[in-house]
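Enquirer: Mind having a look at this structure? Questions to follow.
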Amino acid sequence: MCGRFVSTRSAQDLVKTFRVTDWRGTDALPPNWNVAPTDDVWAVLERAPRGQDAGAPGRRELRPLRWGLVPSWAKDASTGARMINARVETLHEKPAFRRAFVARRCLLPADGFYEWQRQDSDHGTGGARKQPYFIHPEDGRVMALAGLYEYWRDPAVEPDDDPAAWLMTCTIITTDATDAAGRVHPRMPLALGPDHYDAWLDPAHRDLDGLRALLTRPADGHLAARPVSTAVNSVRNNGPQLLEEVRPLPLE
């Protein structure tokens, strides 16, 4: 799974990197070294301009979405806290994700992500601790995590045109871990390379086989992992110090 990640790039940098054509300067998110479920995160997506039909050429947007997908049929928004990840092997079948996979795909920019490695006790007590690792591209480039997004209509807000009536949420697609990530945890977020951005974001691309073919090369295998402080375990902790390398937890 992916339960925490890092996102510190400025909106201006992301607009350039992902060739965004539609970004409201009033939308702003601070750097976040400990992104947690239900936080707002940057997402890159393509949609037809308002007032035009779905077949119109899309605009590439950068906008904040809430992490934790809330399906359109959910009774309340709390559902999203349980849907932060979508497994690549089954997302085309799951009711919560299959419609979004066809029509509402996005990229979630990240500097890297955290995973926890189990540290078994060597005293036969059965106890275990978990050592957090920061996993990131070796070259320091931004990761484009494959994601899905969805709209949820809040029934407590009456006017349809009230911005508060609509909640946009997202989920991160995960896959079997490879390279450095695989030595830490069996699952990892699936990152796309620049050559797949356009096809993944195109809302007119609805061929399931073609879409699934884009999700086969997680991060191209060029990842590094370093142990970091257990301070990252608490969502209250934030800041660049969380990325500093530490000595791994010793066995008890």
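Ligands are numbered from 1 in the order shown, chains are lettered A, B, ... in the order of the structure tokens, and residues start at 1 in each chain.
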Give me the residues near Ala144 in chain A as a PyMOL selection string, where near means some atom within 9 Å (using only C-alpha atoms) and where sequence neighbours in that chain fewer than 2 positions away do not count.
Expert: chain A and resi 107-111+142+146-147+190-194+197+219
Enquirer: Tell me which protein, DNA and RNA residues are within 10 Å of Gly58 in chain A, counting only C-alpha atoms, leaving out same-chain ones fewer than 6 positions away, and put them as a PyMOL selection string.
Expert: chain A and resi 21+45-49+52+201-204
Enquirer: Report as a tab-separated table: every residue of range 126-194 of chain A with an atom at most 6 Å from range 59-71 of chain A, its closest pair of atoms, and their distance in Å to one decimal, counting only C-alpha atoms, with rows sorted by chain and ascending residue number.
Expert:
```
residue	atom	partner	partner_atom	distance
A:Met168	CA	A:Leu65	CA	5.6
A:Thr169	CA	A:Arg66	CA	4.6
A:Cys170	CA	A:Leu69	CA	4.6
A:Thr171	CA	A:Leu69	CA	5.2
```
Enquirer: Show me, as a ChimeraX atom specification, the residues that have an atom within 8 Å of His222 in chain A when counting only C-alpha atoms, minus same-chain residues fewer than 6 positions from it.
Expert: /A:137-138,179
Enquirer: How would the residues just chosen look if you wrote them out with all heavy atoms as a PDB file, in the first residue's frame?
Expert:
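Okay, this is what ended up in selection_31.pdb:
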```pdb
ATOM      1  N   PRO A 137      13.023   8.544  -6.515  1.00  0.00           N
ATOM      2  CA  PRO A 137      13.830   8.353  -7.715  1.00  0.00           C
ATOM      3  C   PRO A 137      15.292   8.687  -7.452  1.00  0.00           C
ATOM      4  O   PRO A 137      15.615   9.656  -6.756  1.00  0.00           O
ATOM      5  CB  PRO A 137      13.214   9.343  -8.718  1.00  0.00           C
ATOM      6  CG  PRO A 137      11.820   9.554  -8.230  1.00  0.00           C
ATOM      7  CD  PRO A 137      11.916   9.488  -6.731  1.00  0.00           C
ATOM      8  N   GLU A 138      16.180   7.886  -8.014  1.00  0.00           N
ATOM      9  CA  GLU A 138      17.614   8.106  -7.803  1.00  0.00           C
ATOM     10  C   GLU A 138      18.069   9.467  -8.304  1.00  0.00           C
ATOM     11  O   GLU A 138      18.967  10.084  -7.722  1.00  0.00           O
ATOM     12  CB  GLU A 138      18.410   7.013  -8.523  1.00  0.00           C
ATOM     13  CG  GLU A 138      18.238   5.621  -7.949  1.00  0.00           C
ATOM     14  CD  GLU A 138      18.921   4.554  -8.781  1.00  0.00           C
ATOM     15  OE1 GLU A 138      19.210   4.818  -9.976  1.00  0.00           O
ATOM     16  OE2 GLU A 138      19.155   3.468  -8.234  1.00  0.00           O
ATOM     17  N   ASP A 179      12.729  -3.384  -7.294  1.00  0.00           N
ATOM     18  CA  ASP A 179      13.949  -2.650  -7.015  1.00  0.00           C
ATOM     19  C   ASP A 179      14.081  -2.389  -5.518  1.00  0.00           C
ATOM     20  O   ASP A 179      13.737  -3.224  -4.696  1.00  0.00           O
ATOM     21  CB  ASP A 179      13.961  -1.352  -7.834  1.00  0.00           C
ATOM     22  CG  ASP A 179      15.354  -0.748  -7.948  1.00  0.00           C
ATOM     23  OD1 ASP A 179      16.247  -1.441  -8.443  1.00  0.00           O
ATOM     24  OD2 ASP A 179      15.529   0.397  -7.519  1.00  0.00           O
TER      25      ASP A 179
END
```
Enquirer: Which is closest to Ala100 in chain A among A:Asp160, A:Glu150, A:Glu244, A:Asp207, if we use only C-alpha atoms?
Expert: A:Glu150
Enquirer: To one decimal place, how far is CA of Arg98 in chain A from CA of Val44 in chain A in Å?
Expert: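 So the answer is 19.4 Å.
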Enquirer: Residues within 12 Å of Ala213 in chain A, please, as number ranges by chain. Count only C-alpha atoms; anything in the same chain fewer than 2 positions from it doesn't count.
Expert: A: 88-89, 192, 196, 199-200, 207-211, 215-218
Enquirer: Please, what distance in Å, to one decimal, runs between CA of Thr90 in chain A and CA of Phe18 in chain A?
Expert: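 Atom-to-atom, CA of Thr90 in chain A and CA of Phe18 in chain A are spaced 27.6 Å apart.
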